[in-house]
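Colleague: One structure coming up, written as structure tokens, with questions to follow.
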Amino acid sequence: MKKVDREFNFSRKITESATDFLGDKEKIDIINENALDLLSQKSISMDICGSIFTVRKNPPFVETLKLSDRIMVDFPCYPSKFEMSFGTRESSIFNWYTSESSQTQKKWTLVQGNSFLYTPSSNDVGRFVKLEVIPRDGNQTAGRTVVEIVSKNAVDPGPGYCPFQRRHEYTDSITNESTCRVVSYNLLADLYADSVYSRTVLFPSCPPFALSIDYRKQMILRELKGYHGDIICLQEVDRKVFKYDLLPILSEVGFNGVFETKGGDLSEVNVINEMLKGNDETWNDFRNAIQAKPELKESIMKRKTAFLTVLLQPKNTSGTKKPPLLIGITHLLFLPEADHIRLIQAEICLRHMCKLLKETHGHLIFCGDFNSVPTNAVYEYFLGGKITTNHADWKSCPGQEVEGINLSHNLSLESGCGTPKYTNYTLKFKDCLDYVFFDTRAFSVDKVIPFPTIEENSVKPYLIHIFHLIILLVLLI
């Protein structure tokens, strides 16, 4: 049999003509050796009929610019969403204008030049706000297009005096190099705040506007800025709020930020997987206990918990280099019947941080929303240094009992604010869930900023916080 060295395409349609599948010879482009790459030139101009035009490559321009729907007296006004290409926010110019009267938006008065922020005063009530942006890049080259946006609504008086202003009286200046002001706050994600359950069960006394993230983020930013914190640890932070609100506004006063999503690449599920699959003897106790209880394993594996560590080096202004600070932030599982899982989560955090402390010789500050009252095992373990296998919290959920585990650590931890009457305040639940723990061998408490009173929370709780209170203290380094 003769071999046919040819390929056939049996997918051809019978309606196709021969010319439909006859291949054309590939054309070869001949490069003009005298051609110039114009875009690589620093300066390009074009002569059209005697008129000279300057050609600019990738000029900076604004892609998105928005203002908040609600602008209030004494609260920072800024672009609620700002995105640009081929330029930087730091290099661009932001000019703020207000309308001359409430009846017109045609005449504008410049009230704040070259600032990303503008704080309206009582004189601005009833006036509209306009923001003008001149985009620039790092070389201070202005883009051709100037972008403007006018507020949807006029400036309103806002809530007036807020109880957190009383706390601001204790933090009206920055700290010195021998102290560190720590702020920890679960600001309540918009997903949980602006829901039917929140409006009808958790916060029925709060008006709808107070649960809106557009209102809450302005309250949060004004309060945080007034505390002049050195370290701010936040939980339940929405990605958009971090990107468009927290990071740009707090960076104006010298902050940088680190953001980690709940259940990200370093999630608890991945840690548990490694724990169960690996041969590390460090986790033998947990491996055996979890494998022995399928229901416990299933419950742990479907939970996502936030835990983040950041290593900070104090500035050396006195000539003496100080040890780094290892900052741990977490938000443990919230379910009431999950004391055993919270204890496992807490131990995972501690073991990881103890490893980092050995590697970095750092000093530990561990804060967040632990969802544990002072009588729970988590608080007892942190301060006491050990938990035995017969502790009641290991058996907080029938069918998921954790057996055969004794926990211990050699840290010397203390709660910076002790155990206040409550850090979580809702209609049906008021208790202490949030803490700032620190190593007493490295720090001591210099000052605890007083919490809002029960009267302040009872009258208009939405003027203070929704759900959680801010933990605020000063540590001696």
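Here, A, B, ... name the chains of the structure tokens in the order displayed, residue numbers run from 1 inside each chain, and ligands are numbered from 1 in the same displayed order.
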Excluding same-chain residues fewer than 6 positions from A:Ser212, what lies within 8 Å of it counting only C-alpha atoms, as a list in words?
Modeller: Asp190, Ala193 and Asp194 of chain A
Colleague: For the selection you just gave me, I'd like the residues written to a file as an mmCIF file, in the first residue's frame, keeping N, CA and C atoms.
Modeller:
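Result written to result-v4.cif:
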data_model
loop_
_atom_site.group_PDB
_atom_site.id
_atom_site.type_symbol
_atom_site.label_atom_id
_atom_site.label_comp_id
_atom_site.auth_asym_id
_atom_site.auth_seq_id
_atom_site.Cartn_x
_atom_site.Cartn_y
_atom_site.Cartn_z
ATOM 1 N N ASP A 190 -19.617 46.574 55.946
ATOM 2 C CA ASP A 190 -20.880 47.062 55.388
ATOM 3 C C ASP A 190 -21.848 45.917 55.131
ATOM 4 N N ALA A 193 -23.545 45.519 58.480
ATOM 5 C CA ALA A 193 -24.203 46.707 59.034
ATOM 6 C C ALA A 193 -25.478 47.058 58.285
ATOM 7 N N ASP A 194 -25.404 47.068 56.981
ATOM 8 C CA ASP A 194 -26.544 47.510 56.170
ATOM 9 C C ASP A 194 -27.336 46.297 55.690
#
Colleague: One decimal, in Å: what's the spacing between atom CA of A:His363 and atom CA of A:Tyr422?
Modeller: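 For atom CA of A:His363 relative to atom CA of A:Tyr422, the distance reads 27.5 Å.
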Colleague: With distances taken over only C-alpha atoms, which residue among A:Leu326, A:Thr375, A:Trp394, A:Lys321 lies nearest A:Leu356?
Modeller: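 Nearest candidate to A:Leu356 out of A:Leu326, A:Thr375, A:Trp394, A:Lys321: A:Leu326.
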Colleague: Please, what distance in Å, to one decimal, runs between atom CA of A:Ile290 and atom CA of A:Thr389?
Modeller: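 Straight-line distance from atom CA of A:Ile290 to atom CA of A:Thr389 works out to 13.9 Å.
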Colleague: As a PyMOL selection string, please: the residues near A:Leu475 (cut-off 6 Å, only C-alpha atoms, same-chain neighbours under 2 positions excluded).
Modeller: chain A and resi 179-180+444-446
Colleague: Neighbouring residues of A:Gly160 were defined as those with any atom within 9 Å, considering only C-alpha atoms; residues of the same chain fewer than 2 positions away were excluded. Please report them as a list of chain:residue names.
Modeller: A:Val73, A:Asp74, A:Pro157, A:Gly158, A:Cys162
Colleague: Take the selection from the previous step and output its residues with N, CA and C atoms, as a PDB file, in the first residue's frame.
Modeller:
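Result file again23.pdb:
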ATOM      1  N   VAL A  73     -20.747  69.050  57.982  1.00  0.00           N
ATOM      2  CA  VAL A  73     -19.904  70.031  58.660  1.00  0.00           C
ATOM      3  C   VAL A  73     -18.959  69.318  59.623  1.00  0.00           C
ATOM      4  N   ASP A  74     -17.686  69.720  59.594  1.00  0.00           N
ATOM      5  CA  ASP A  74     -16.635  69.218  60.484  1.00  0.00           C
ATOM      6  C   ASP A  74     -16.194  67.794  60.174  1.00  0.00           C
ATOM      7  N   PRO A 157     -25.718  70.010  58.228  1.00  0.00           N
ATOM      8  CA  PRO A 157     -25.075  70.295  59.521  1.00  0.00           C
ATOM      9  C   PRO A 157     -24.386  69.100  60.149  1.00  0.00           C
ATOM     10  N   GLY A 158     -24.767  67.877  59.755  1.00  0.00           N
ATOM     11  CA  GLY A 158     -24.174  66.700  60.363  1.00  0.00           C
ATOM     12  C   GLY A 158     -24.761  66.415  61.732  1.00  0.00           C
ATOM     13  N   CYS A 162     -20.135  64.952  68.828  1.00  0.00           N
ATOM     14  CA  CYS A 162     -20.052  63.497  68.923  1.00  0.00           C
ATOM     15  C   CYS A 162     -19.299  63.118  70.195  1.00  0.00           C
TER      16      CYS A 162
END
Colleague: Set the distance at 7 Å and use only C-alpha atoms: which residues neighbour stretch 292-300 of chain A once local chain neighbours fewer than 4 positions away are removed? I'd like the list as number ranges by chain.
Modeller: A: 288, 341, 399-400
Colleague: Give me, as a list in words, the residues of stretch 106-181 of chain A that a backbone DSSP run labels helix (DSSP H, G or I).
Modeller: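 Filtering stretch 106-181 of chain A down to helix (DSSP H, G or I) leaves Ser122, Asn123, Asp124, Phe164, Gln165, Arg166, Arg167 and His168 of chain A.
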Colleague: Would you mind reading off the distance between atom CA of A:Lys66 and atom CA of A:Lys225, one decimal, in Å?
Modeller: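 Computing the Euclidean distance for atom CA of A:Lys66 and atom CA of A:Lys225 yields 22.1 Å.
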Colleague: Using only C-alpha atoms for the distances, tell me which of A:Lys355, A:Leu476, A:Ile93, A:Val129 is nearest to A:Gly113.
Modeller: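 Selected residue with least distance to A:Gly113: A:Ile93.
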Colleague: Using only C-alpha atoms, which residues sit within 7 Å of stretch 76-78 of chain A once same-chain residues fewer than 3 positions away are excluded, as a list in words?
Modeller: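 Once the adjacent positions are removed, what remains is Leu67, Ile71, Phe116, Leu117, Tyr118, Thr119, Gln218 and Arg222 of chain A.
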Colleague: Could you please take those selected residues and save N, CA and C atoms as an mmCIF file, in the first residue's frame?
Modeller:
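Wrote it out as again_32.cif, contents follow:
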data_model
loop_
_atom_site.group_PDB
_atom_site.id
_atom_site.type_symbol
_atom_site.label_atom_id
_atom_site.label_comp_id
_atom_site.auth_asym_id
_atom_site.auth_seq_id
_atom_site.Cartn_x
_atom_site.Cartn_y
_atom_site.Cartn_z
ATOM 1 N N LEU A 67 -17.750 61.960 44.593
ATOM 2 C CA LEU A 67 -17.859 62.539 45.927
ATOM 3 C C LEU A 67 -18.944 61.800 46.700
ATOM 4 N N ILE A 71 -22.304 65.156 52.567
ATOM 5 C CA ILE A 71 -21.166 65.968 53.010
ATOM 6 C C ILE A 71 -21.609 66.745 54.243
ATOM 7 N N PHE A 116 -6.082 67.170 49.129
ATOM 8 C CA PHE A 116 -6.947 66.030 48.858
ATOM 9 C C PHE A 116 -8.193 66.062 49.736
ATOM 10 N N LEU A 117 -8.128 66.824 50.832
ATOM 11 C CA LEU A 117 -9.223 66.899 51.795
ATOM 12 C C LEU A 117 -9.769 68.312 51.904
ATOM 13 N N TYR A 118 -11.042 68.391 52.212
ATOM 14 C CA TYR A 118 -11.643 69.662 52.588
ATOM 15 C C TYR A 118 -12.655 69.387 53.694
ATOM 16 N N THR A 119 -12.567 70.151 54.776
ATOM 17 C CA THR A 119 -13.493 69.990 55.893
ATOM 18 C C THR A 119 -14.457 71.168 55.912
ATOM 19 N N GLN A 218 -17.259 58.244 57.277
ATOM 20 C CA GLN A 218 -16.861 59.600 57.653
ATOM 21 C C GLN A 218 -16.721 59.726 59.166
ATOM 22 N N ARG A 222 -13.000 60.492 60.956
ATOM 23 C CA ARG A 222 -12.827 61.651 61.834
ATOM 24 C C ARG A 222 -12.369 61.204 63.221
#
Colleague: Based on DSSP run over this structure's backbone, return all residues of stretch 63-290 of chain A in strand (DSSP E), as JSON, numbers by chain.
Modeller: {"A": [63, 64, 65, 66, 67, 79, 80, 81, 82, 83, 84, 85, 93, 94, 95, 96, 97, 98, 99, 100, 101, 104, 105, 106, 107, 108, 109, 110, 111, 112, 129, 130, 131, 132, 133, 134, 147, 148, 149, 150, 179, 180, 181, 182, 183, 184, 185, 186, 231, 232, 233, 234, 235]}
Colleague: Would you mind exporting the chosen residues as an mmCIF file, in the first residue's frame, restricted to C-alpha atoms?
Modeller:
data_model
loop_
_atom_site.group_PDB
_atom_site.id
_atom_site.type_symbol
_atom_site.label_atom_id
_atom_site.label_comp_id
_atom_site.auth_asym_id
_atom_site.auth_seq_id
_atom_site.Cartn_x
_atom_site.Cartn_y
_atom_site.Cartn_z
ATOM 1 C CA GLU A 63 -10.586 57.800 34.992
ATOM 2 C CA THR A 64 -12.980 57.918 37.959
ATOM 3 C CA LEU A 65 -13.926 60.737 40.316
ATOM 4 C CA LYS A 66 -16.781 60.640 42.827
ATOM 5 C CA LEU A 67 -17.859 62.539 45.927
ATOM 6 C CA PRO A 79 -13.069 61.874 46.645
ATOM 7 C CA SER A 80 -15.007 58.782 47.686
ATOM 8 C CA LYS A 81 -13.568 57.113 44.614
ATOM 9 C CA PHE A 82 -10.543 58.302 42.679
ATOM 10 C CA GLU A 83 -8.682 56.429 39.953
ATOM 11 C CA MET A 84 -6.200 57.747 37.412
ATOM 12 C CA SER A 85 -3.740 56.507 34.803
ATOM 13 C CA ILE A 93 -3.644 69.130 42.310
ATOM 14 C CA PHE A 94 -7.016 69.126 44.079
ATOM 15 C CA ASN A 95 -8.901 72.417 44.388
ATOM 16 C CA TRP A 96 -12.133 72.761 46.366
ATOM 17 C CA TYR A 97 -14.917 75.275 45.696
ATOM 18 C CA THR A 98 -18.285 76.038 47.274
ATOM 19 C CA SER A 99 -21.284 77.677 45.664
ATOM 20 C CA GLU A 100 -21.887 81.281 46.695
ATOM 21 C CA SER A 101 -25.439 80.573 47.844
ATOM 22 C CA THR A 104 -27.123 78.788 42.663
ATOM 23 C CA GLN A 105 -24.339 76.499 41.561
ATOM 24 C CA LYS A 106 -23.077 78.820 38.833
ATOM 25 C CA LYS A 107 -20.673 80.940 40.853
ATOM 26 C CA TRP A 108 -17.939 79.226 42.790
ATOM 27 C CA THR A 109 -15.478 80.381 45.441
ATOM 28 C CA LEU A 110 -12.144 78.655 45.990
ATOM 29 C CA VAL A 111 -12.068 77.539 49.632
ATOM 30 C CA GLN A 112 -9.205 75.031 49.684
ATOM 31 C CA VAL A 129 -19.170 71.571 46.844
ATOM 32 C CA LYS A 130 -17.125 71.311 43.665
ATOM 33 C CA LEU A 131 -13.828 69.482 43.305
ATOM 34 C CA GLU A 132 -11.386 70.307 40.511
ATOM 35 C CA VAL A 133 -8.578 67.856 39.765
ATOM 36 C CA ILE A 134 -5.535 68.688 37.660
ATOM 37 C CA VAL A 147 -11.739 67.132 35.708
ATOM 38 C CA GLU A 148 -14.518 68.608 37.840
ATOM 39 C CA ILE A 149 -17.305 67.120 39.903
ATOM 40 C CA VAL A 150 -20.108 68.776 41.883
ATOM 41 C CA THR A 179 5.498 55.710 74.135
ATOM 42 C CA CYS A 180 3.205 54.080 71.591
ATOM 43 C CA ARG A 181 -0.504 54.809 71.193
ATOM 44 C CA VAL A 182 -2.383 51.704 70.024
ATOM 45 C CA VAL A 183 -5.859 51.784 68.469
ATOM 46 C CA SER A 184 -7.905 48.642 67.803
ATOM 47 C CA TYR A 185 -11.392 48.637 66.312
ATOM 48 C CA ASN A 186 -13.840 46.286 64.631
ATOM 49 C CA ILE A 231 -0.538 51.804 65.419
ATOM 50 C CA ILE A 232 -4.101 51.311 64.188
ATOM 51 C CA CYS A 233 -5.437 47.755 63.944
ATOM 52 C CA LEU A 234 -8.820 47.388 62.253
ATOM 53 C CA GLN A 235 -11.067 44.387 61.739
#
